[in-house]
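Source file: work-v4.cif. Holds: mmCIF, C-alpha atoms and all ligand atoms.
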```cif
data_input
#
loop_
_atom_site.label_atom_id
_atom_site.label_comp_id
_atom_site.auth_asym_id
_atom_site.auth_seq_id
_atom_site.Cartn_x
_atom_site.Cartn_y
_atom_site.Cartn_z
CA MET A 1 31.53 -94.59 -58.56
CA HIS A 2 28.39 -96.48 -57.52
CA ASP A 3 28.24 -94.84 -54.06
CA GLU A 4 28.81 -91.43 -55.50
CA ILE A 5 26.01 -91.97 -58.02
CA LYS A 6 23.68 -93.37 -55.37
CA GLU A 7 23.87 -90.11 -53.42
CA LEU A 8 22.67 -88.21 -56.47
CA LEU A 9 19.66 -90.36 -57.34
CA SER A 10 17.25 -88.45 -55.12
CA ALA A 11 18.14 -85.17 -56.79
CA TYR A 12 18.03 -86.95 -60.15
CA VAL A 13 14.37 -87.94 -59.77
CA ASP A 14 13.65 -84.34 -58.76
CA ASP A 15 15.31 -83.15 -61.95
CA GLU A 16 17.61 -80.96 -59.91
CA LEU A 17 20.95 -82.01 -61.42
CA SER A 18 23.19 -80.42 -64.00
CA ARG A 19 23.23 -81.90 -67.48
CA ASP A 20 26.59 -83.56 -66.88
CA GLU A 21 25.51 -85.19 -63.64
CA ARG A 22 22.33 -86.42 -65.27
CA LEU A 23 24.26 -88.01 -68.10
CA LYS A 24 26.65 -89.68 -65.67
CA ILE A 25 23.73 -91.25 -63.86
CA GLU A 26 22.03 -92.44 -67.01
CA VAL A 27 25.24 -94.07 -68.20
CA HIS A 28 25.78 -95.75 -64.83
CA CYS A 29 22.21 -97.03 -64.62
CA ARG A 30 22.71 -98.96 -67.83
CA ILE A 31 25.24 -101.16 -66.08
CA CYS A 32 23.98 -101.04 -62.45
CA ASP A 33 20.73 -102.84 -61.61
CA GLU A 34 20.70 -101.58 -58.05
CA CYS A 35 20.77 -97.92 -59.04
CA ARG A 36 18.23 -98.48 -61.79
CA ASP A 37 15.84 -100.09 -59.32
CA GLU A 38 16.40 -97.33 -56.85
CA VAL A 39 15.49 -94.68 -59.41
CA GLN A 40 12.27 -96.55 -60.05
CA GLU A 41 11.54 -96.83 -56.33
CA LEU A 42 12.22 -93.15 -55.77
CA ILE A 43 9.87 -92.15 -58.56
CA GLU A 44 7.19 -94.38 -57.07
CA LEU A 45 7.79 -92.96 -53.60
CA LYS A 46 7.30 -89.44 -54.90
CA GLU A 47 4.02 -90.36 -56.54
CA GLN A 48 2.81 -92.26 -53.51
CA LEU A 49 3.64 -89.36 -51.23
CA TYR A 50 1.64 -87.01 -53.38
CA THR A 51 -1.42 -89.27 -53.39
CA ALA A 52 -1.06 -90.14 -49.71
CA TYR A 53 -1.61 -86.50 -48.87
CA GLU A 54 -4.26 -85.73 -51.41
CA VAL A 55 -6.46 -85.40 -48.37
CA PRO A 56 -9.74 -83.66 -49.03
CA VAL A 57 -10.31 -80.39 -47.25
CA PRO A 58 -12.90 -81.04 -44.50
CA GLU A 59 -16.37 -80.56 -45.95
CA GLU A 60 -18.03 -78.55 -43.21
CA TRP A 61 -15.02 -76.35 -42.77
CA GLN A 62 -15.82 -72.62 -43.06
CA ILE A 63 -12.24 -71.47 -43.20
CA GLU A 64 -12.87 -68.22 -45.11
CA GLN A 65 -15.53 -67.27 -42.58
CA ALA A 66 -13.37 -68.21 -39.62
CA VAL A 67 -10.37 -66.27 -40.91
CA LEU A 68 -12.48 -63.21 -41.64
CA GLU A 69 -14.07 -63.26 -38.21
CA GLN A 70 -10.72 -63.55 -36.49
CA ILE A 71 -9.26 -60.74 -38.59
CA GLN A 72 -12.20 -58.45 -37.84
CA GLY A 73 -12.10 -59.36 -34.18
CA GLU A 74 -8.42 -58.61 -33.92
CA SER A 75 -8.46 -55.40 -35.93
CA SER A 76 -11.47 -53.77 -34.20
CA PRO A 77 -10.37 -51.67 -31.21
CA GLY A 78 -13.16 -53.33 -29.25
CA ARG A 79 -11.10 -56.48 -28.74
CA LEU A 80 -7.54 -55.62 -29.48
CA LEU A 81 -7.45 -52.49 -27.33
CA CYS A 82 -10.11 -53.46 -24.84
CA TRP A 83 -7.75 -54.36 -22.02
CA LYS A 84 -5.36 -51.56 -22.79
CA TRP A 85 -8.18 -49.05 -22.68
CA ILE A 86 -9.58 -50.35 -19.42
CA ALA A 87 -6.13 -50.30 -17.87
CA ALA A 88 -5.43 -46.78 -19.11
CA ALA A 89 -8.79 -45.46 -17.92
CA GLY A 90 -8.38 -47.10 -14.52
CA LEU A 91 -4.90 -45.73 -14.11
CA SER A 92 -5.83 -42.16 -14.99
CA ALA A 93 -8.86 -42.30 -12.71
CA LEU A 94 -6.59 -43.40 -9.87
CA LEU A 95 -4.16 -40.63 -10.70
CA ILE A 96 -6.89 -37.96 -10.65
CA ILE A 97 -8.28 -39.23 -7.35
CA ASN A 98 -4.79 -39.25 -5.93
CA ILE A 99 -4.10 -35.68 -7.07
CA LEU A 100 -7.42 -34.46 -5.67
CA TRP A 101 -6.77 -36.25 -2.41
CA THR A 102 -3.36 -34.66 -1.88
CA LEU A 103 -4.52 -31.27 -3.12
CA THR A 104 -7.70 -30.98 -1.04
CA PRO A 105 -5.99 -29.36 2.01
CA VAL A 106 -4.08 -27.03 -0.29
CA LEU A 107 -7.28 -26.07 -2.09
CA LEU A 108 -9.11 -25.41 1.15
CA LYS A 109 -6.22 -23.29 2.39
CA SER A 110 -6.09 -21.25 -0.79
CA ILE A 111 -9.84 -20.63 -0.57
CA GLN A 112 -9.40 -19.38 2.96
CA VAL A 113 -6.50 -17.14 1.87
CA GLY A 114 -8.66 -15.84 -0.97
CA MET A 115 -11.43 -14.97 1.42
CA THR A 116 -9.08 -13.11 3.78
CA LEU A 117 -7.63 -11.19 0.87
CA THR A 118 -11.11 -10.18 -0.22
CA SER A 119 -12.07 -8.91 3.20
CA ILE A 120 -8.77 -7.00 3.49
CA SER A 121 -9.37 -5.31 0.12
CA TYR A 122 -12.94 -4.61 1.25
CA SER A 123 -11.82 -2.71 4.33
CA LEU A 124 -9.10 -1.00 2.30
CA VAL A 125 -11.78 0.25 -0.05
CA HIS A 126 -13.69 1.58 2.90
CA SER A 127 -10.76 3.60 4.15
CA VAL A 128 -10.04 4.91 0.64
CA PHE A 129 -13.67 5.95 0.48
CA ALA A 130 -13.30 7.85 3.71
CA VAL A 131 -10.11 9.58 2.51
CA ALA A 132 -11.71 10.50 -0.79
CA GLY A 133 -14.42 12.33 1.09
CA GLY A 134 -12.40 15.51 1.03
CA LEU A 135 -11.78 15.53 -2.74
CA PRO A 136 -13.73 17.42 -5.48
CA ASN A 137 -17.00 16.10 -6.92
CA LEU A 138 -15.96 14.49 -10.21
CA LEU A 139 -13.23 12.45 -8.64
CA GLU A 140 -15.65 11.49 -5.91
CA VAL A 141 -18.19 10.12 -8.41
CA ILE A 142 -15.49 8.10 -10.22
CA LEU A 143 -14.19 6.77 -6.97
CA VAL A 144 -17.63 5.78 -5.76
CA LEU A 145 -18.33 3.95 -9.01
CA THR A 146 -14.99 2.17 -8.88
CA LEU A 147 -15.60 1.22 -5.29
CA ILE A 148 -19.06 -0.12 -6.07
CA ILE A 149 -17.60 -2.28 -8.86
CA LEU A 150 -14.80 -3.45 -6.62
CA ALA A 151 -17.19 -4.24 -3.82
CA ALA A 152 -19.53 -6.09 -6.17
CA SER A 153 -16.72 -8.19 -7.58
CA GLY A 154 -15.34 -8.85 -4.15
CA TRP A 155 -18.74 -9.91 -2.92
CA SER A 156 -19.32 -12.18 -5.87
CA VAL A 157 -15.91 -13.79 -5.50
CA ARG A 158 -16.64 -14.46 -1.86
CA ARG A 159 -20.05 -15.84 -2.69
CA LEU A 160 -18.52 -18.09 -5.31
CA LEU A 161 -15.90 -19.36 -2.92
CA SER A 162 -18.34 -19.98 -0.14
CA THR A 163 -20.67 -21.99 -2.39
CA LYS A 164 -17.69 -24.01 -3.55
CA THR A 165 -16.54 -24.89 -0.05
CA SER A 166 -20.02 -25.65 1.20
CA GLY A 167 -20.93 -27.61 -1.90
CA MET B 1 2.15 -65.65 -60.85
CA ASP B 2 -1.11 -64.54 -62.37
CA HIS B 3 -2.38 -61.02 -62.58
CA GLU B 4 -5.52 -61.81 -60.66
CA LEU B 5 -3.54 -62.87 -57.61
CA GLN B 6 -1.36 -59.80 -57.87
CA HIS B 7 -4.47 -57.62 -57.80
CA LEU B 8 -5.92 -59.53 -54.90
CA ILE B 9 -2.73 -59.08 -52.89
CA THR B 10 -2.49 -55.38 -53.69
CA ASP B 11 -6.10 -54.86 -52.61
CA ALA B 12 -5.70 -57.01 -49.52
CA LYS B 13 -2.66 -54.94 -48.53
CA LYS B 14 -4.92 -51.90 -48.52
CA GLY B 15 -7.17 -53.76 -46.10
CA ASP B 16 -9.74 -55.14 -48.55
CA GLN B 17 -11.05 -58.20 -46.73
CA ASP B 18 -13.02 -59.54 -49.72
CA SER B 19 -9.83 -59.82 -51.70
CA PHE B 20 -8.16 -61.58 -48.85
CA THR B 21 -11.06 -64.03 -48.60
CA LYS B 22 -10.45 -64.91 -52.24
CA ILE B 23 -6.80 -65.53 -51.47
CA VAL B 24 -7.83 -67.84 -48.64
CA GLN B 25 -10.11 -69.69 -51.05
CA LYS B 26 -7.28 -70.06 -53.51
CA TYR B 27 -4.68 -71.35 -51.07
CA LYS B 28 -6.63 -73.16 -48.37
CA ARG B 29 -6.13 -76.62 -49.89
CA LYS B 30 -2.38 -76.17 -50.24
CA VAL B 31 -2.00 -74.83 -46.73
CA TYR B 32 -4.26 -77.48 -45.21
CA ARG B 33 -2.42 -80.29 -46.98
CA HIS B 34 0.93 -78.93 -45.86
CA ALA B 35 -0.23 -78.66 -42.26
CA PHE B 36 -1.87 -82.08 -42.33
CA ALA B 37 1.28 -83.72 -43.72
CA MET B 38 3.22 -82.18 -40.87
CA VAL B 39 0.92 -82.88 -37.93
CA HIS B 40 -1.33 -85.73 -39.19
CA ASP B 41 -4.35 -84.42 -37.36
CA GLN B 42 -7.38 -82.87 -39.01
CA MET B 43 -8.33 -80.46 -36.23
CA GLU B 44 -4.81 -79.30 -35.73
CA ALA B 45 -4.27 -78.86 -39.47
CA GLU B 46 -7.45 -76.74 -39.56
CA ASP B 47 -6.16 -74.62 -36.69
CA ILE B 48 -2.79 -74.11 -38.31
CA THR B 49 -4.41 -73.14 -41.60
CA GLN B 50 -6.57 -70.52 -39.93
CA GLU B 51 -3.68 -69.18 -37.88
CA ALA B 52 -1.48 -69.00 -40.98
CA PHE B 53 -3.98 -66.92 -42.94
CA VAL B 54 -4.65 -64.57 -40.05
CA LYS B 55 -0.93 -64.12 -39.56
CA ALA B 56 -0.46 -63.55 -43.28
CA TYR B 57 -3.19 -60.91 -43.32
CA PHE B 58 -1.61 -58.91 -40.52
CA SER B 59 1.89 -59.09 -41.96
CA LEU B 60 0.97 -58.51 -45.61
CA ASP B 61 2.87 -55.23 -45.66
CA GLN B 62 6.05 -57.17 -44.93
CA LEU B 63 5.59 -59.03 -48.21
CA LYS B 64 7.83 -57.01 -50.53
CA GLN B 65 7.52 -59.03 -53.72
CA GLU B 66 3.99 -60.07 -54.51
CA TYR B 67 5.13 -62.82 -56.90
CA ALA B 68 6.73 -64.53 -53.92
CA PHE B 69 3.41 -64.86 -52.11
CA ALA B 70 3.27 -68.68 -52.22
CA SER B 71 6.79 -69.05 -50.79
CA TRP B 72 6.12 -66.39 -48.18
CA LEU B 73 2.88 -68.05 -47.08
CA THR B 74 4.62 -71.43 -47.00
CA ARG B 75 7.27 -70.03 -44.67
CA ILE B 76 4.54 -68.89 -42.28
CA VAL B 77 2.92 -72.35 -42.39
CA THR B 78 6.26 -74.09 -41.91
CA ASN B 79 7.06 -72.06 -38.82
CA LEU B 80 3.60 -72.59 -37.34
CA CYS B 81 3.96 -76.33 -37.88
CA TYR B 82 7.35 -76.35 -36.17
CA ASP B 83 5.88 -74.50 -33.20
CA ARG B 84 3.00 -76.95 -32.92
CA ILE B 85 5.23 -79.98 -33.20
CA LYS B 86 7.60 -78.63 -30.58
CA ARG B 87 4.71 -77.89 -28.25
CA ALA B 88 3.21 -81.33 -28.89
CA GLU B 89 6.54 -82.99 -28.09
CA LYS B 90 6.41 -81.42 -24.66
CA THR B 91 2.86 -82.65 -24.04
CA PRO B 92 2.44 -86.03 -25.71
CA VAL B 93 -1.11 -86.93 -26.71
CA LEU B 94 -2.60 -90.24 -27.72
CA HIS B 95 -3.91 -90.30 -31.26
CA ALA B 96 -6.59 -92.73 -32.31
CA ASP B 97 -5.25 -92.89 -35.84
CA PRO B 98 -5.90 -96.51 -36.91
CA ALA B 99 -9.65 -96.11 -36.51
CA LYS B 100 -9.60 -92.96 -38.59
CA THR B 101 -7.66 -94.61 -41.37
CA GLU B 102 -10.00 -97.60 -41.39
CA GLU B 103 -12.92 -95.28 -41.78
CA LEU B 104 -11.16 -93.58 -44.66
CA ALA B 105 -10.57 -96.96 -46.29
CA SER B 106 -14.17 -98.11 -46.15
CA ASN B 107 -15.38 -94.73 -47.38
CA ARG B 108 -13.13 -94.80 -50.39
CA SER B 109 -13.33 -98.56 -50.87
CA GLU B 110 -9.70 -98.49 -51.95
CA VAL B 111 -8.36 -100.71 -49.27
CA GLU B 112 -4.98 -101.13 -50.87
CA ASN B 113 -4.45 -97.44 -51.44
CA ALA B 114 -5.54 -96.73 -47.91
CA HIS B 115 -3.07 -99.25 -46.62
CA LEU B 116 -0.24 -97.62 -48.52
CA ARG B 117 -1.37 -94.21 -47.40
CA MET B 118 -1.42 -95.37 -43.82
CA ASN B 119 2.08 -96.80 -44.09
CA LEU B 120 3.42 -93.69 -45.72
CA GLN B 121 1.85 -91.38 -43.18
CA TYR B 122 3.22 -93.57 -40.44
CA ALA B 123 6.69 -93.38 -41.98
CA MET B 124 6.39 -89.61 -42.39
CA LYS B 125 5.50 -89.21 -38.72
CA LYS B 126 8.76 -90.92 -37.83
CA LEU B 127 10.84 -88.32 -39.66
CA SER B 128 12.22 -85.33 -37.82
CA PRO B 129 10.22 -82.14 -38.47
CA GLU B 130 13.09 -80.80 -40.61
CA HIS B 131 13.16 -83.87 -42.84
CA ARG B 132 9.38 -84.07 -43.02
CA THR B 133 9.26 -80.44 -44.09
CA VAL B 134 11.54 -80.81 -47.10
CA VAL B 135 9.54 -83.83 -48.30
CA VAL B 136 6.30 -81.88 -47.92
CA LEU B 137 7.70 -78.88 -49.75
CA ARG B 138 9.13 -80.94 -52.58
CA ASP B 139 6.72 -83.83 -53.15
CA ILE B 140 3.44 -82.45 -51.88
CA GLN B 141 3.82 -78.76 -52.68
CA GLY B 142 6.14 -79.13 -55.66
CA PHE B 143 8.67 -76.40 -54.83
CA SER B 144 12.10 -76.44 -56.48
CA TYR B 145 15.25 -76.89 -54.39
CA GLN B 146 16.02 -73.22 -54.81
CA GLU B 147 12.58 -72.20 -53.61
CA ILE B 148 12.83 -74.54 -50.64
CA ALA B 149 16.23 -73.07 -49.80
CA GLU B 150 14.68 -69.60 -49.77
CA ILE B 151 11.64 -70.63 -47.76
CA LEU B 152 13.70 -72.37 -45.09
CA GLU B 153 16.63 -69.96 -45.32
CA ILE B 154 19.17 -72.76 -45.71
CA PRO B 155 21.69 -73.49 -48.50
CA GLU B 156 20.50 -75.39 -51.54
CA GLY B 157 23.05 -78.11 -50.83
CA THR B 158 21.43 -78.70 -47.45
CA VAL B 159 18.02 -79.01 -49.12
CA LYS B 160 19.43 -81.60 -51.49
CA SER B 161 21.03 -83.72 -48.77
CA ARG B 162 18.06 -83.37 -46.44
CA ILE B 163 15.67 -84.65 -49.10
CA ASN B 164 18.04 -87.50 -49.84
CA VAL B 165 18.26 -88.51 -46.18
CA ALA B 166 14.50 -88.13 -45.69
CA ARG B 167 13.75 -90.43 -48.64
CA THR B 168 16.25 -93.02 -47.51
CA GLU B 169 14.60 -93.08 -44.09
CA LEU B 170 11.11 -93.23 -45.58
CA ARG B 171 12.04 -96.19 -47.76
CA ARG B 172 13.71 -97.97 -44.87
CA GLU B 173 10.59 -97.46 -42.75
CA LEU B 174 8.31 -98.63 -45.55
CA THR B 175 10.25 -101.84 -46.21
CA ARG B 176 10.28 -102.53 -42.46
CA GLY B 177 6.50 -102.04 -42.45
CA ASP B 178 6.12 -104.47 -45.32
CA ARG B 179 8.25 -107.07 -43.55
CA ASP B 180 6.21 -106.72 -40.35
CA ALA B 181 2.90 -107.01 -42.18
ZN ZN A 201 24.94 -98.20 -58.92
#
```

Could you rewrite the structure in this file as C-alpha cells?
Ligand SMILES: [Zn+2]
Amino acid sequence: MHDEIKELLSAYVDDELSRDERLKIEVHCRICDECRDEVQELIELKEQLYTAYEVPVPEEWQIEQAVLEQIQGESSPGRLLCWKWIAAAGLSALLIINILWTLTPVLLKSIQVGMTLTSISYSLVHSVFAVAGGLPNLLEVILVLTLIILAASGWSVRRLLSTKTSG
Amino acid sequence: MDHELQHLITDAKKGDQDSFTKIVQKYKRKVYRHAFAMVHDQMEAEDITQEAFVKAYFSLDQLKQEYAFASWLTRIVTNLCYDRIKRAEKTPVLHADPAKTEELASNRSEVENAHLRMNLQYAMKKLSPEHRTVVVLRDIQGFSYQEIAEILEIPEGTVKSRINVARTELRRELTRGDRDA
C-alpha cells in the first residue's frame, strides 16, 4: 500500500488525481509519516522551482525589435531570394551565351543563303521584265511597278542583312 | 484565451507585424524563462526566444486553433531547446556559472535564496532534457498533464511518470548537495 501511494504523491501535489485516489492518499497520510513528509517536500520543491526560475528578462534586451528585424529580413525578397535570383540570372545568361555561340555559324550561313536567294530573285525579275516587253501597255505598267517594289524590298533586305553581318 | 489575443493572432496571420510584436511582448517572459530553465544560459535563452518567435511568425498559418496558441508556441520552444541541448552535447563548452550566481546573490542581497536557486538550477541541469522539460512545463509554466501530453505528443501516463521520476531525481540531487555543503 505504502509503495503504491508513494508513486502517486507527485501527481497528488499537482492535483492531477481522481477523487478516489486523492481520498486514498489523504487517508494513508494520516497514518504514514514518511508519505506526509514527502507531500510537504514535494509542495516545497514545486514552489522553489517556480521561484528559482523567476529570472528577470534581460533589461537591455530588444527582443520585439530583433524579432521584427529578422522577420522583415527573411520575408523581403532582397535577402530570402537574393541567392536564388543571382543563381537563376547567371544560369540563364550562360544559357543564352551558349545558344548564341552554337547558333552563330548557323546564323551566318542562313544570312548567306538569304543573300543568294535575293540575288536569284533579282535576276529572275530581270528576265521576267525582258519577257514582259512584248506584252500590252497596261500589263507592262503593272509589271514594272511590281518589279520596282520587288527590287526595292530585295535591296532593302540585302542592305539589312549586310549591316547585320558587318555590325 | 482572451479576445484580445485572438484578434492579435488573426491579424498577425494576415501579416500584420504590429500585432505580432504585441504577441511577442505578451509571451517573451514565458518563452525566455522556459528557454533559460532548459539551457541555463542567458545569451542562449535570448537566442532561443528570438528563434522561437520568428519560427512562430512564419508558421502561423499552421496554427489551426487560435486558443491553443500558448501550447503551440511552447512546442516550438521545446523543440528548439532540444536541438540546442543536443548540439551542445556534441560540443561541450565551459560555463562560468558560479561567478554569475554570486553576482546575482549580491545584487539581490538574498544570499539564502540565491543559494537555493543555485542548487536547484544545478540539480535541474543534471536531469535529462526530457525530464527537465516536463518539470519546466508543469512547475514553471503551469500546464496541466493533459496539456503537456499534447505539447510533447506523448500519453498522459508518461507525463505523470516522467514528472514523478524527475522530482525524485531532483530531490535526491538536492539532499546530496546539502550533505556536501
Ligand atoms: Zn506511506

Of B:Arg132, B:Arg162, B:His7, B:Arg29, the one nearest to chain A when counting all atoms listed in the file is B:Arg29

Rounded to one decimal place, report the atom CA of Val55 of chain A-atom CA of Ala123 of chain B distance in Å.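 Separation between atom CA of Val55 of chain A and atom CA of Ala123 of chain B: 16.7 Å.
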
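Proximity ranking of B:Ala56, B:Ile151, B:Leu5, B:Met124 relative to Glu169 of chain B places B:Met124 first, based on only C-alpha atoms.
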
Need the shell around Arg22 of chain A: protein/DNA/RNA residues with any atom at most 10 Å away, counting only C-alpha atoms. Skip same-chain ones fewer than 3 positions apart. Format as number ranges by chain? A: 5, 8-9, 11-13, 15-19, 25-28

Give me, as a Markdown table, the closest atom pair and its distance (Å, one decimal) for every residue of chain A within a cut-off of 6 Å of ligand ZN 201 (chain A), counting all atoms listed in the file, rows sorted by chain and rising number.
```
| residue | atom | partner | partner_atom | distance |
| --- | --- | --- | --- | --- |
| A:His2 | CA | A:ZN201 | ZN | 4.1 |
| A:Cys32 | CA | A:ZN201 | ZN | 4.6 |
| A:Glu34 | CA | A:ZN201 | ZN | 5.5 |
| A:Cys35 | CA | A:ZN201 | ZN | 4.2 |
```

What separation in Å, quoted to one decimal, exists between atom CA of Lys46 of chain A and atom CA of Ala52 of chain B?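 Rounded to one decimal, the two atoms are 26.2 Å apart.
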
Write out as an mmCIF file with C-alpha atoms, keeping the file's coordinate frame the residues lying within 10 Å of Asn119 of chain B, counting all atoms listed in the file and excluding same-chain residues fewer than 2 positions away.
```cif
data_model
loop_
_atom_site.group_PDB
_atom_site.id
_atom_site.type_symbol
_atom_site.label_atom_id
_atom_site.label_comp_id
_atom_site.auth_asym_id
_atom_site.auth_seq_id
_atom_site.Cartn_x
_atom_site.Cartn_y
_atom_site.Cartn_z
ATOM 1 C CA ALA A 52 -1.060 -90.140 -49.710
ATOM 2 C CA ASN B 113 -4.450 -97.440 -51.440
ATOM 3 C CA ALA B 114 -5.540 -96.730 -47.910
ATOM 4 C CA HIS B 115 -3.070 -99.250 -46.620
ATOM 5 C CA LEU B 116 -0.240 -97.620 -48.520
ATOM 6 C CA ARG B 117 -1.370 -94.210 -47.400
ATOM 7 C CA GLN B 121 1.850 -91.380 -43.180
ATOM 8 C CA TYR B 122 3.220 -93.570 -40.440
ATOM 9 C CA ALA B 123 6.690 -93.380 -41.980
ATOM 10 C CA MET B 124 6.390 -89.610 -42.390
ATOM 11 C CA LYS B 125 5.500 -89.210 -38.720
ATOM 12 C CA LEU B 170 11.110 -93.230 -45.580
ATOM 13 C CA GLU B 173 10.590 -97.460 -42.750
ATOM 14 C CA LEU B 174 8.310 -98.630 -45.550
ATOM 15 C CA THR B 175 10.250 -101.840 -46.210
ATOM 16 C CA GLY B 177 6.500 -102.040 -42.450
ATOM 17 C CA ASP B 178 6.120 -104.470 -45.320
#
```

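Note that the spacing between atom CA of Ser110 of chain A and atom CA of Leu161 of chain A amounts to 10.2 Å.
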
Residues of chain A within 10 Å of chain B, counting only C-alpha atoms, what are they? List them as a VMD selection string. chain A and resid 6 to 11 14 to 16 41 to 42 45 to 58 61 to 72 74 to 75

Taking all listed atoms of segment 51-55 of chain A, build the axis-aligned box, pad each of the six sides by 3 Å, then write its centre and edge lengths in Å to one decimal as lines of an AutoDock Vina configuration file.
```
center_x = -3.8
center_y = -87.8
center_z = -50.9
size_x = 11.4
size_y = 10.7
size_z = 11.0
```
